[in-house]
Structures are given as structure tokens and as C-alpha cells.
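Enquirer: This is target_29.txt, which holds compact mmCIF, C-alpha atoms and all ligand atoms:
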```txt
# COMPACT_ATOMS: atom_id res chain seq x y z
CA MET A 1 115.02 -10.29 -40.97
CA LYS A 2 115.48 -13.99 -41.72
CA ILE A 3 116.67 -16.97 -39.72
CA THR A 4 119.91 -18.27 -41.24
CA GLY A 5 120.98 -20.92 -38.75
CA VAL A 6 119.74 -23.05 -35.84
CA ARG A 7 122.43 -24.71 -33.78
CA THR A 8 122.30 -27.05 -30.78
CA HIS A 9 124.91 -27.17 -28.02
CA ILE A 10 125.04 -30.32 -25.89
CA LEU A 11 127.00 -29.61 -22.73
CA GLN A 12 128.10 -31.90 -19.94
CA ALA A 13 130.13 -31.62 -16.75
CA ALA A 14 131.16 -34.19 -14.17
CA LEU A 15 130.23 -33.53 -10.54
CA SER A 16 132.81 -33.49 -7.79
CA ARG A 17 130.34 -35.21 -5.44
CA HIS A 18 127.42 -37.41 -6.51
CA PHE A 19 123.97 -36.49 -5.21
CA ALA A 20 120.51 -38.05 -5.32
CA SER A 21 116.87 -37.12 -5.48
CA SER A 22 114.27 -39.84 -4.96
CA ARG A 23 114.60 -40.60 -8.69
CA GLY A 24 118.24 -41.62 -8.59
CA TRP A 25 121.87 -40.56 -8.40
CA TYR A 26 123.47 -37.80 -10.44
CA ASP A 27 127.17 -37.97 -11.37
CA THR A 28 127.03 -35.36 -14.16
CA ARG A 29 125.03 -32.27 -15.11
CA ALA A 30 124.05 -31.73 -18.72
CA ALA A 31 122.49 -28.85 -20.65
CA MET A 32 121.13 -28.32 -24.15
CA LEU A 33 121.27 -24.80 -25.54
CA VAL A 34 119.70 -23.55 -28.77
CA GLU A 35 121.38 -20.82 -30.79
CA ILE A 36 119.42 -19.12 -33.59
CA GLU A 37 121.23 -16.83 -36.04
CA THR A 38 119.75 -14.21 -38.33
CA ASP A 39 120.86 -12.38 -41.45
CA GLN A 40 121.00 -9.14 -39.44
CA GLY A 41 123.69 -10.47 -37.13
CA LEU A 42 121.31 -10.88 -34.18
CA VAL A 43 121.67 -14.15 -32.30
CA GLY A 44 119.13 -15.61 -29.86
CA TRP A 45 119.67 -18.22 -27.16
CA GLY A 46 117.32 -20.77 -25.65
CA GLU A 47 117.57 -23.81 -23.40
CA CYS A 48 115.75 -27.13 -23.37
CA TYR A 49 115.05 -29.08 -20.18
CA GLY A 50 115.18 -32.85 -20.60
CA PRO A 51 117.51 -35.46 -22.10
CA ALA A 52 120.03 -33.33 -24.00
CA ARG A 53 120.74 -35.60 -26.96
CA ILE A 54 117.05 -36.23 -27.62
CA THR A 55 115.97 -32.58 -27.36
CA ALA A 56 118.93 -31.70 -29.61
CA ALA A 57 117.64 -34.20 -32.20
CA VAL A 58 114.20 -32.56 -32.04
CA VAL A 59 115.65 -29.08 -32.56
CA ASP A 60 118.02 -30.24 -35.31
CA ASN A 61 115.08 -31.78 -37.18
CA VAL A 62 112.88 -28.70 -36.83
CA ALA A 63 115.71 -26.38 -37.92
CA ALA A 64 114.93 -26.75 -41.63
CA TRP A 65 111.38 -25.38 -41.03
CA LEU A 66 112.86 -22.22 -39.53
CA ILE A 67 115.59 -21.35 -42.01
CA GLY A 68 114.51 -18.39 -44.15
CA LYS A 69 111.60 -17.47 -41.85
CA ASP A 70 111.25 -14.11 -40.07
CA PRO A 71 112.07 -14.80 -36.36
CA LEU A 72 109.78 -12.06 -35.00
CA PRO A 73 106.30 -13.68 -35.27
CA THR A 74 106.95 -16.01 -32.31
CA GLU A 75 103.32 -17.08 -32.00
CA TYR A 76 103.11 -18.09 -35.66
CA LEU A 77 106.35 -20.06 -35.46
CA TRP A 78 105.23 -21.82 -32.26
CA GLN A 79 101.98 -22.85 -33.92
CA MET A 80 103.80 -23.99 -37.05
CA ILE A 81 106.15 -26.30 -35.11
CA TYR A 82 103.41 -27.55 -32.78
CA ALA A 83 101.04 -28.28 -35.66
CA GLY A 84 103.81 -30.08 -37.52
CA LEU A 85 104.56 -32.42 -34.61
CA ARG A 86 101.39 -32.64 -32.50
CA ASP A 87 100.52 -36.08 -33.90
CA HIS A 88 103.85 -37.38 -32.66
CA GLY A 89 104.37 -35.77 -29.29
CA PRO A 90 102.04 -33.25 -27.69
CA LYS A 91 104.07 -33.79 -24.48
CA GLY A 92 107.65 -34.60 -23.58
CA VAL A 93 110.82 -34.04 -25.60
CA ILE A 94 109.06 -32.58 -28.66
CA ILE A 95 107.68 -29.75 -26.50
CA GLN A 96 110.99 -29.42 -24.65
CA GLY A 97 112.68 -28.90 -28.03
CA LEU A 98 110.05 -26.37 -29.04
CA SER A 99 110.58 -24.58 -25.70
CA GLY A 100 114.27 -23.90 -26.38
CA ILE A 101 113.48 -22.60 -29.87
CA ASP A 102 110.72 -20.32 -28.56
CA ILE A 103 113.00 -18.83 -25.88
CA ALA A 104 115.73 -18.14 -28.48
CA LEU A 105 113.18 -16.40 -30.74
CA TRP A 106 112.05 -14.16 -27.85
CA ASP A 107 115.71 -13.33 -27.17
CA ILE A 108 116.08 -12.22 -30.82
CA LYS A 109 112.84 -10.24 -30.67
CA GLY A 110 113.97 -8.36 -27.56
CA LYS A 111 117.35 -7.60 -29.09
CA TYR A 112 115.69 -6.44 -32.34
CA PHE A 113 113.46 -3.95 -30.52
CA GLY A 114 116.17 -3.10 -27.98
CA VAL A 115 114.06 -4.01 -24.93
CA PRO A 116 114.09 -6.76 -22.28
CA VAL A 117 111.85 -9.74 -23.02
CA GLN A 118 109.66 -8.95 -19.98
CA GLN A 119 108.63 -5.69 -21.66
CA LEU A 120 107.41 -7.57 -24.74
CA LEU A 121 105.58 -10.06 -22.52
CA GLY A 122 103.52 -7.25 -21.01
CA GLY A 123 105.87 -5.34 -18.74
CA ALA A 124 107.43 -5.99 -15.36
CA GLN A 125 105.27 -6.04 -12.23
CA ARG A 126 108.52 -6.51 -10.29
CA THR A 127 112.22 -6.09 -11.01
CA GLU A 128 113.46 -8.63 -8.47
CA LEU A 129 112.27 -11.95 -7.16
CA VAL A 130 112.52 -13.68 -3.84
CA ALA A 131 114.46 -16.86 -4.56
CA TYR A 132 114.13 -20.10 -2.68
CA ALA A 133 117.10 -22.40 -2.29
CA THR A 134 116.69 -25.81 -3.91
CA GLY A 135 119.19 -28.19 -2.42
CA LEU A 136 119.17 -30.66 0.44
CA LEU A 137 119.57 -33.66 -1.83
CA ARG A 138 121.20 -36.85 -0.57
CA ARG A 139 124.93 -37.54 -0.51
CA GLN A 140 126.82 -40.81 -0.46
CA VAL A 141 126.87 -40.77 3.33
CA ASP A 142 124.74 -43.23 5.30
CA ASP A 143 123.11 -40.76 7.66
CA PRO A 144 121.59 -37.57 6.16
CA ALA A 145 121.62 -36.11 9.67
CA CYS A 146 125.37 -35.60 9.14
CA TYR A 147 124.87 -32.88 6.52
CA LEU A 148 121.22 -31.79 6.05
CA ALA A 149 121.03 -29.52 9.10
CA GLU A 150 124.32 -27.83 8.29
CA GLU A 151 123.39 -27.26 4.64
CA ALA A 152 119.94 -25.90 5.55
CA ALA A 153 121.33 -23.55 8.19
CA GLY A 154 123.83 -22.35 5.58
CA TYR A 155 121.00 -21.24 3.24
CA ALA A 156 119.27 -19.40 6.07
CA ALA A 157 122.56 -17.70 6.96
CA GLU A 158 123.03 -16.62 3.32
CA GLY A 159 119.71 -14.82 3.57
CA PHE A 160 117.32 -17.23 1.82
CA SER A 161 113.81 -16.87 3.24
CA ALA A 162 112.69 -20.23 1.84
CA VAL A 163 114.35 -23.60 1.23
CA LYS A 164 113.25 -26.84 -0.41
CA LEU A 165 114.09 -30.28 0.93
CA LYS A 166 114.11 -33.43 -1.18
CA VAL A 167 111.98 -36.23 0.27
CA GLY A 168 110.77 -39.52 -1.16
CA PHE A 169 113.26 -41.77 0.64
CA GLY A 170 110.76 -43.54 2.89
CA GLU A 171 108.42 -42.15 5.51
CA GLU A 172 110.76 -42.51 8.47
CA GLU A 173 113.78 -40.92 6.80
CA ASP A 174 111.60 -38.12 5.36
CA MET A 175 110.08 -37.34 8.76
CA ALA A 176 113.48 -37.18 10.41
CA ALA A 177 114.90 -35.03 7.59
CA THR A 178 111.98 -32.59 7.71
CA ARG A 179 112.30 -32.19 11.48
CA LEU A 180 116.09 -31.68 11.22
CA VAL A 181 115.76 -29.03 8.53
CA ARG A 182 112.94 -27.18 10.28
CA GLU A 183 115.00 -27.05 13.48
CA ALA A 184 118.06 -25.89 11.54
CA ILE A 185 116.34 -22.98 9.74
CA GLY A 186 114.09 -21.85 12.59
CA PRO A 187 110.40 -20.91 12.36
CA ALA A 188 110.76 -17.82 10.12
CA VAL A 189 112.19 -19.49 6.99
CA LYS A 190 109.70 -21.21 4.68
CA LEU A 191 110.22 -24.93 4.15
CA MET A 192 108.95 -26.83 1.12
CA ILE A 193 109.34 -30.55 0.41
CA ASP A 194 109.69 -32.28 -2.98
CA ALA A 195 109.14 -36.03 -3.40
CA ASN A 196 109.86 -36.11 -7.16
CA HIS A 197 106.76 -38.34 -7.46
CA ALA A 198 108.21 -41.09 -5.26
CA TYR A 199 104.93 -42.04 -3.58
CA ASP A 200 101.41 -43.16 -4.25
CA SER A 201 98.64 -41.15 -2.64
CA VAL A 202 98.35 -43.50 0.38
CA ALA A 203 102.02 -43.05 1.29
CA ALA A 204 102.02 -39.33 0.45
CA ILE A 205 99.04 -38.67 2.73
CA ARG A 206 100.65 -40.65 5.56
CA LEU A 207 103.86 -38.66 5.21
CA GLY A 208 102.02 -35.35 4.93
CA ARG A 209 100.10 -35.99 8.17
CA ALA A 210 103.32 -36.91 9.96
CA ILE A 211 105.17 -33.73 8.94
CA GLU A 212 102.29 -31.25 8.99
CA GLN A 213 103.57 -30.04 12.41
CA TYR A 214 106.74 -28.66 10.75
CA ASP A 215 104.82 -25.97 8.85
CA VAL A 216 105.42 -27.14 5.28
CA ALA A 217 104.72 -24.43 2.69
CA TRP A 218 104.10 -26.92 -0.12
CA PHE A 219 104.37 -30.63 -0.92
CA GLU A 220 105.79 -30.91 -4.45
CA GLU A 221 105.17 -33.89 -6.76
CA PRO A 222 103.80 -36.17 -4.07
CA VAL A 223 102.57 -38.71 -6.66
CA PRO A 224 103.34 -39.57 -10.31
CA PRO A 225 102.31 -36.91 -12.83
CA GLU A 226 99.83 -39.24 -14.56
CA ASP A 227 97.91 -39.84 -11.31
CA ILE A 228 95.54 -36.89 -11.32
CA ALA A 229 93.12 -38.68 -8.96
CA GLY A 230 96.06 -39.25 -6.61
CA TYR A 231 96.83 -35.51 -6.65
CA GLN A 232 93.17 -34.78 -5.86
CA ASN A 233 93.26 -37.24 -2.92
CA VAL A 234 96.43 -35.72 -1.48
CA ARG A 235 95.10 -32.20 -1.93
CA THR A 236 91.73 -33.02 -0.34
CA LEU A 237 93.12 -34.91 2.65
CA LEU A 238 96.15 -32.77 3.58
CA PRO A 239 96.23 -29.18 4.84
CA ILE A 240 99.60 -28.70 3.06
CA PRO A 241 99.37 -26.96 -0.36
CA VAL A 242 100.12 -29.35 -3.23
CA ALA A 243 102.54 -28.32 -6.01
CA GLY A 244 103.38 -29.98 -9.32
CA GLY A 245 103.62 -29.59 -13.07
CA GLU A 246 107.30 -29.84 -13.98
CA CYS A 247 106.36 -33.00 -15.94
CA GLU A 248 103.37 -31.38 -17.68
CA PHE A 249 103.32 -29.59 -21.01
CA THR A 250 101.43 -26.86 -22.86
CA ARG A 251 98.12 -25.19 -22.09
CA PHE A 252 96.38 -28.42 -23.08
CA GLY A 253 98.15 -30.49 -20.43
CA PHE A 254 97.67 -27.85 -17.74
CA ARG A 255 94.00 -27.48 -18.64
CA GLU A 256 93.46 -31.01 -17.27
CA LEU A 257 95.33 -30.24 -14.04
CA PHE A 258 93.39 -27.01 -13.50
CA VAL A 259 89.94 -28.35 -14.39
CA SER A 260 90.46 -31.38 -12.13
CA ARG A 261 91.62 -29.15 -9.25
CA ALA A 262 94.75 -31.26 -8.82
CA LEU A 263 97.10 -28.42 -7.77
CA ASP A 264 97.39 -25.45 -5.43
CA ILE A 265 100.64 -24.37 -7.10
CA ALA A 266 101.51 -24.95 -10.78
CA GLN A 267 105.18 -25.35 -11.70
CA PRO A 268 105.61 -25.40 -15.49
CA ASP A 269 109.24 -25.21 -16.58
CA VAL A 270 109.74 -22.52 -19.23
CA CYS A 271 112.38 -24.76 -20.91
CA ALA A 272 109.98 -27.71 -21.06
CA ALA A 273 106.30 -26.74 -21.06
CA GLY A 274 106.42 -24.80 -24.34
CA GLY A 275 108.73 -21.81 -23.83
CA LEU A 276 107.87 -18.24 -22.90
CA SER A 277 104.94 -18.05 -25.36
CA GLU A 278 103.19 -21.03 -23.82
CA CYS A 279 104.10 -20.45 -20.17
CA LYS A 280 102.56 -16.96 -20.30
CA LYS A 281 99.32 -18.59 -21.46
CA ILE A 282 99.52 -21.25 -18.74
CA ALA A 283 100.13 -18.49 -16.19
CA ASP A 284 96.99 -16.66 -17.32
CA MET A 285 95.03 -19.90 -17.04
CA ALA A 286 96.44 -20.51 -13.56
CA GLU A 287 95.26 -17.09 -12.45
CA ALA A 288 91.78 -17.74 -13.83
CA PHE A 289 91.61 -20.97 -11.83
CA GLY A 290 92.98 -19.41 -8.63
CA VAL A 291 96.12 -21.54 -8.79
CA ARG A 292 99.49 -20.11 -7.76
CA TYR A 293 102.35 -20.22 -10.26
CA ASN A 294 105.98 -20.82 -9.29
CA PRO A 295 107.98 -22.11 -12.26
CA HIS A 296 110.26 -25.12 -12.03
CA VAL A 297 113.88 -24.12 -12.80
CA TRP A 298 116.61 -26.75 -13.08
CA GLY A 299 118.96 -25.51 -15.77
CA THR A 300 121.78 -23.10 -16.50
CA GLY A 301 121.81 -19.33 -16.07
CA LEU A 302 120.04 -19.14 -19.42
CA ALA A 303 117.04 -21.07 -18.05
CA MET A 304 117.12 -18.82 -15.00
CA ALA A 305 117.12 -15.67 -17.14
CA ALA A 306 114.15 -16.88 -19.22
CA SER A 307 112.28 -17.81 -16.03
CA LEU A 308 113.03 -14.40 -14.50
CA HIS A 309 111.50 -12.56 -17.48
CA LEU A 310 108.33 -14.63 -17.12
CA LEU A 311 108.28 -14.19 -13.34
CA ALA A 312 108.63 -10.42 -13.83
CA VAL A 313 105.27 -10.21 -15.62
CA LEU A 314 103.20 -12.68 -13.56
CA PRO A 315 100.39 -11.24 -11.49
CA SER A 316 100.71 -11.52 -7.72
CA HIS A 317 98.81 -14.50 -6.37
CA THR A 318 96.57 -12.12 -4.41
CA PRO A 319 96.52 -9.03 -6.64
CA SER A 320 94.46 -6.69 -4.50
CA ALA A 321 95.93 -7.38 -1.06
CA LEU A 322 98.14 -4.85 0.68
CA ARG A 323 100.67 -7.61 1.22
CA PRO A 324 100.37 -9.71 -1.93
CA ILE A 325 101.79 -13.21 -2.12
CA GLU A 326 104.42 -12.91 -4.85
CA PRO A 327 105.70 -15.70 -7.10
CA MET A 328 109.15 -17.04 -6.18
CA LEU A 329 112.18 -18.07 -8.22
CA GLU A 330 113.47 -21.61 -7.80
CA PHE A 331 117.21 -21.14 -7.23
CA ASP A 332 119.12 -24.39 -7.64
CA ARG A 333 122.03 -24.52 -5.19
CA THR A 334 123.29 -27.99 -6.10
CA GLU A 335 126.56 -28.38 -7.95
CA HIS A 336 126.22 -27.43 -11.65
CA PRO A 337 129.58 -26.43 -13.19
CA ILE A 338 127.89 -25.18 -16.39
CA ARG A 339 125.20 -23.04 -14.73
CA GLU A 340 127.24 -19.93 -13.92
CA ALA A 341 130.13 -20.58 -16.34
CA ILE A 342 128.14 -20.11 -19.57
CA LEU A 343 127.14 -16.54 -18.74
CA THR A 344 129.70 -13.75 -18.93
CA GLU A 345 127.81 -12.28 -15.95
CA PRO A 346 126.35 -15.09 -13.83
CA ILE A 347 122.95 -14.63 -12.16
CA GLU A 348 123.56 -14.37 -8.44
CA HIS A 349 121.39 -13.73 -5.41
CA THR A 350 121.78 -11.06 -2.78
CA ARG A 351 120.38 -12.18 0.57
CA GLY A 352 117.98 -14.51 -1.24
CA VAL A 353 116.80 -11.97 -3.83
CA VAL A 354 117.57 -12.11 -7.58
CA ARG A 355 117.23 -9.22 -10.04
CA VAL A 356 115.56 -9.65 -13.43
CA PRO A 357 118.26 -9.07 -16.12
CA GLU A 358 117.93 -5.57 -17.59
CA GLY A 359 119.56 -5.78 -21.03
CA ALA A 360 117.81 -6.30 -24.36
CA GLY A 361 116.35 -9.73 -25.06
CA LEU A 362 117.05 -12.12 -22.19
CA GLY A 363 119.67 -9.64 -20.98
CA ILE A 364 122.47 -12.18 -20.81
CA GLU A 365 125.62 -12.91 -22.78
CA ILE A 366 126.90 -16.41 -23.50
CA ASP A 367 130.57 -17.16 -22.89
CA ARG A 368 131.62 -19.16 -25.96
CA LYS A 369 134.80 -20.35 -24.30
CA ALA A 370 132.68 -22.05 -21.65
CA LEU A 371 130.51 -23.61 -24.37
CA ALA A 372 133.63 -25.13 -25.91
CA ARG A 373 134.91 -26.29 -22.52
CA PHE A 374 131.75 -28.22 -21.64
CA SER A 375 130.89 -29.42 -25.16
CA ALA A 376 129.84 -33.08 -25.29
CA GLN A 377 129.53 -33.19 -29.07
CA CA A 401 110.79 -30.68 -8.35
```
Output the structure of this file as C-alpha cells.

Expert:
Amino acid sequence: MKITGVRTHILQAALSRHFASSRGWYDTRAAMLVEIETDQGLVGWGECYGPARITAAVVDNVAAWLIGKDPLPTEYLWQMIYAGLRDHGPKGVIIQGLSGIDIALWDIKGKYFGVPVQQLLGGAQRTELVAYATGLLRRQVDDPACYLAEEAAGYAAEGFSAVKLKVGFGEEEDMAATRLVREAIGPAVKLMIDANHAYDSVAAIRLGRAIEQYDVAWFEEPVPPEDIAGYQNVRTLLPIPVAGGECEFTRFGFRELFVSRALDIAQPDVCAAGGLSECKKIADMAEAFGVRYNPHVWGTGLAMAASLHLLAVLPSHTPSALRPIEPMLEFDRTEHPIREAILTEPIEHTRGVVRVPEGAGLGIEIDRKALARFSAQ
């Protein structure tokens, strides 16, 4: 089998209502999908996290290296691309581009052997994942009290057993928002907070101490990703578990986070940190360091499917316990018109639980009409 084509799809959709994390306002959602064709008629799909036009440029430039190659030796192809570009970008968009290619190659490999990707990654430890609702961003309304409690209660009513609240808007607003959401979901639903690296360690520790009483399951990206010492400070001085890693890349980047004991929970994004090949390695490293692994997911249904196949094979965080702590799926509930539309069968939750797709490869089918509808090319 030979690769005959590598295509990029830049997609974009306007949002009906703008929303904000601590990093800024969103008025559109974008996606960058990779399509790899073979001479046997098999087609594989991948997705890149990150700025769509830049990751597309990376993939378009690497395409020539792939044409004519056998798509099955995924490890060899990963190493070839990484070695070719490591001098120019061992982190960031180069690795995001490589991630989408790697996922598409795994999709082809699964389809070629007629098995789901999770089986080729080692076999499923679980066929469904508890999903946590990511939402609770800010709207263009002055007082978040007007909508946060209602939105949070809605997730609990839908059956989600965990929700994540965006913070990073100032200590006072964050404290009030955390209290509101905790009261809205009750004591039984897990509550995580995510600052999207809005704070330095001084401010993050102050906030953490103020909200500790609301039983926070993890504090995500309290400080900028470059500030490893800041992560260590936050982790040492707060009883709340510290999560991060959506802005880190490859086993080499995560090695530094693990060795420096910066994290309790690692969150590599399969569409950014190096694809399925690399995230499996990072997951094995996380286990060896006693660090939990809950991947970052902020893409379309394709990103979700790839993440689910990885999540299926991860060890439990406490493998020998009678009631193991299982990894969770990040389930983005914010508006994303492309997310469900591009799959002929969207990935949905049932009472906060999501099944790992069962078909060959990633187990999903792309709706080409939706690709055309959202095309930004
Ligand atoms: Ca995050």
C-alpha cells in the first residue's frame, strides 16, 4: 500500500453567541482536518489542534515526504517527519501538524487490518468513558451570576458527574463563580477549574486557598506553561491537584514536567502533542511517574474519536484498587457548529458517559457535505 495524497481541510464557523476564556473572546470556531489517501482506496482522517492555516501549511509542506510511502509503519513515519523538522520546531505548530498526520495514519492502519485503533494500541481496558462537561465560559453579560448557575445545574441534570469552570478573571470574580457553581451542582458532582494560565503563582495560590472549601478536583493551567517553578510552587502550597500540559509537546517536553514534579494530572492533546503514537508514550511515562492522565480535547468529533481510542487503552490511575480512579474524557459543551456536523454519526453522551467508537480505524465517517459547508479555503 502506498500513500497517494495528503489533503488539508480548513474549516470555520461563526458562533451565534460570543464566549470568552481568560485568554480572550471567541466569535468563530475553526478546525483543521488531514485526509490521507492510499492506492488501495483506504482513506485516513486526522485533526490538528492549533491555528488552522499554520498547521495546514505544515501538513502541506510535509505531504511530499509521505507520497509513495507505505502508511502502515506509523512509528517510522513519525520519526522521519520529526527528524526532518526537529531543528525548526520541536514544539508548537510543527508538532500539531505531525499530530494530525499521525492520527490519519492510525485510521488507515485500523481500516487496513479491519480493527479499531484501540486494538492496535494495545487493546481496550474500557469501552466507555466518564465524560466531564467543559463549559461555563463567559458571555457578553456583565454579571456571570446571571447564567453560570443555570448552565452548571443543566450539566448536572443531563447526568454529567463532573464539570469544569473557566476561571482567570480576577480573584473576586473567580471566587464568586466557583461558589455559585458548587452550589448549583451540589456536593456529589466533581468540580474542576481552568485558568488557561491567567495567573502567576502568587495569584494562583491566593485563589486556590480562597476556593479550597468548594472541593475542587483539579486546578488546570494555573500559571503559564513555561513557568515550571511556578507550577511546583502552586502544587507544593495548595491541597488542590494541579493539572496542565495542553501547551506541551512530545515525550521530550513532558519529560521536563514529570521530572520536575510540576503536575498531578497531565493533559496532552492527541491533536497537538504528537498524535496517537506520541501520546501513548507520554501516557506510559505519566504512569511511571505516578501522574494521572486526562487528555485535553477541544476539537471536532474527529479529535474526540482519536482521544477516545487513546483513553480506551490507558491504565487506571490506581490499577490494583477495587475502585480504580479511571481517566475521564473532556467533553466540550460550548458552541461548535462543526464538531457534530462533520461526522455522519456524531459522538454523543448518555448521562455523562461516552462510548469508544467500535468500527475499524477511528470508527467514524466524515460527512463530506459538511466539509464543503464549513470550508474556509
Ligand atoms: Ca484547558

Enquirer: Can you tell me, as an MDAnalysis selection string, what residues are no more than 8 Å from A:Ser201 when counting all atoms listed in the file, ignoring any on the same chain fewer than 3 positions away?

Expert: chainID A and resid 204:205 222:223 230:231 233:234

Enquirer: Write the selection just made, keeping C-alpha atoms, as a compact mmCIF listing (two decimals), in the frame of the given file?

Expert:
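Dumped to part.txt:
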```
# COMPACT_ATOMS: atom_id res chain seq x y z
CA ALA A 204 102.02 -39.33 0.45
CA ILE A 205 99.04 -38.67 2.73
CA PRO A 222 103.80 -36.17 -4.07
CA VAL A 223 102.57 -38.71 -6.66
CA GLY A 230 96.06 -39.25 -6.61
CA TYR A 231 96.83 -35.51 -6.65
CA ASN A 233 93.26 -37.24 -2.92
CA VAL A 234 96.43 -35.72 -1.48
```

Enquirer: With distances taken over all atoms listed in the file, which of A:Ile240, A:Ile108, A:Leu77, A:Leu362 is nearest to A:Gly41?

Expert: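 Closest to A:Gly41 of all the choices is A:Ile108.
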
Enquirer: List all protein, DNA and RNA residues that have any atom at most 8 Å from ligand CA 401 (chain A), counting all atoms listed in the file, and write the list as a PDB file with C-alpha atoms, in the coordinates of the input.

Expert:
```pdb
ATOM      1  CA  ASP A 194     109.690 -32.280  -2.980  1.00  0.00           C
ATOM      2  CA  ALA A 195     109.140 -36.030  -3.400  1.00  0.00           C
ATOM      3  CA  ASN A 196     109.860 -36.110  -7.160  1.00  0.00           C
ATOM      4  CA  GLU A 220     105.790 -30.910  -4.450  1.00  0.00           C
ATOM      5  CA  GLU A 221     105.170 -33.890  -6.760  1.00  0.00           C
ATOM      6  CA  GLY A 244     103.380 -29.980  -9.320  1.00  0.00           C
ATOM      7  CA  GLU A 246     107.300 -29.840 -13.980  1.00  0.00           C
ATOM      8  CA  HIS A 296     110.260 -25.120 -12.030  1.00  0.00           C
TER       9      HIS A 296
END
```

Enquirer: Determine, for each residue of stretch 112-150 of chain A having at least one atom at most 10 Å from an atom of stretch 324-341 of chain A, the closest pair of atoms and their separation in Å to one decimal, counting only C-alpha atoms; order by chain and ascending number, as a Markdown table.

Expert:
```
| residue | atom | partner | partner_atom | distance |
| --- | --- | --- | --- | --- |
| A:Arg126 | CA | A:Glu326 | CA | 9.3 |
| A:Glu128 | CA | A:Leu329 | CA | 9.5 |
| A:Leu129 | CA | A:Met328 | CA | 6.1 |
| A:Val130 | CA | A:Met328 | CA | 5.3 |
| A:Ala131 | CA | A:Leu329 | CA | 4.5 |
| A:Tyr132 | CA | A:Glu330 | CA | 5.4 |
| A:Ala133 | CA | A:Phe331 | CA | 5.1 |
| A:Thr134 | CA | A:Asp332 | CA | 4.7 |
| A:Gly135 | CA | A:Arg333 | CA | 5.4 |
| A:Leu136 | CA | A:Thr334 | CA | 8.2 |
| A:Leu137 | CA | A:Thr334 | CA | 8.0 |
```

Enquirer: Can you measure atom CA of A:Ser307 to atom CA of A:Met285 for me? One decimal in Å is fine.

Expert: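 These atoms are spaced 17.4 Å apart.
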
Enquirer: Looking at A:Pro187, A:Pro116, A:Pro241, A:Gly68, which one is nearest to A:Leu308, with distances taken over only C-alpha atoms?

Expert: A:Pro116

Enquirer: Which residue, A:Ala286, A:Ala306, A:His197, A:Phe160, has the smallest gap to A:Val353 when you use only C-alpha atoms?

Expert: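 Closest candidate: A:Phe160.
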
Enquirer: For A:Gly84, list every protein, DNA or RNA residue within 10 Å, evaluated using only C-alpha atoms, and leave out those in the same chain fewer than 4 positions away; present the list as a VMD selection string.

Expert: chain A and resid 62 65 78 to 80 88

Enquirer: Set the distance at 8 Å and use all atoms listed in the file: which residues neighbour A:Leu121 once local chain neighbours fewer than 4 positions away are removed? I'd like the list as a list in words.

Expert: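 Selected residues are Val117, Lys280, Leu310 and Val313 of chain A.
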
Enquirer: Work out how far atom CA of A:Leu311 is from atom CA of A:Val189, in Å to one decimal.

Expert: 21.4 Å
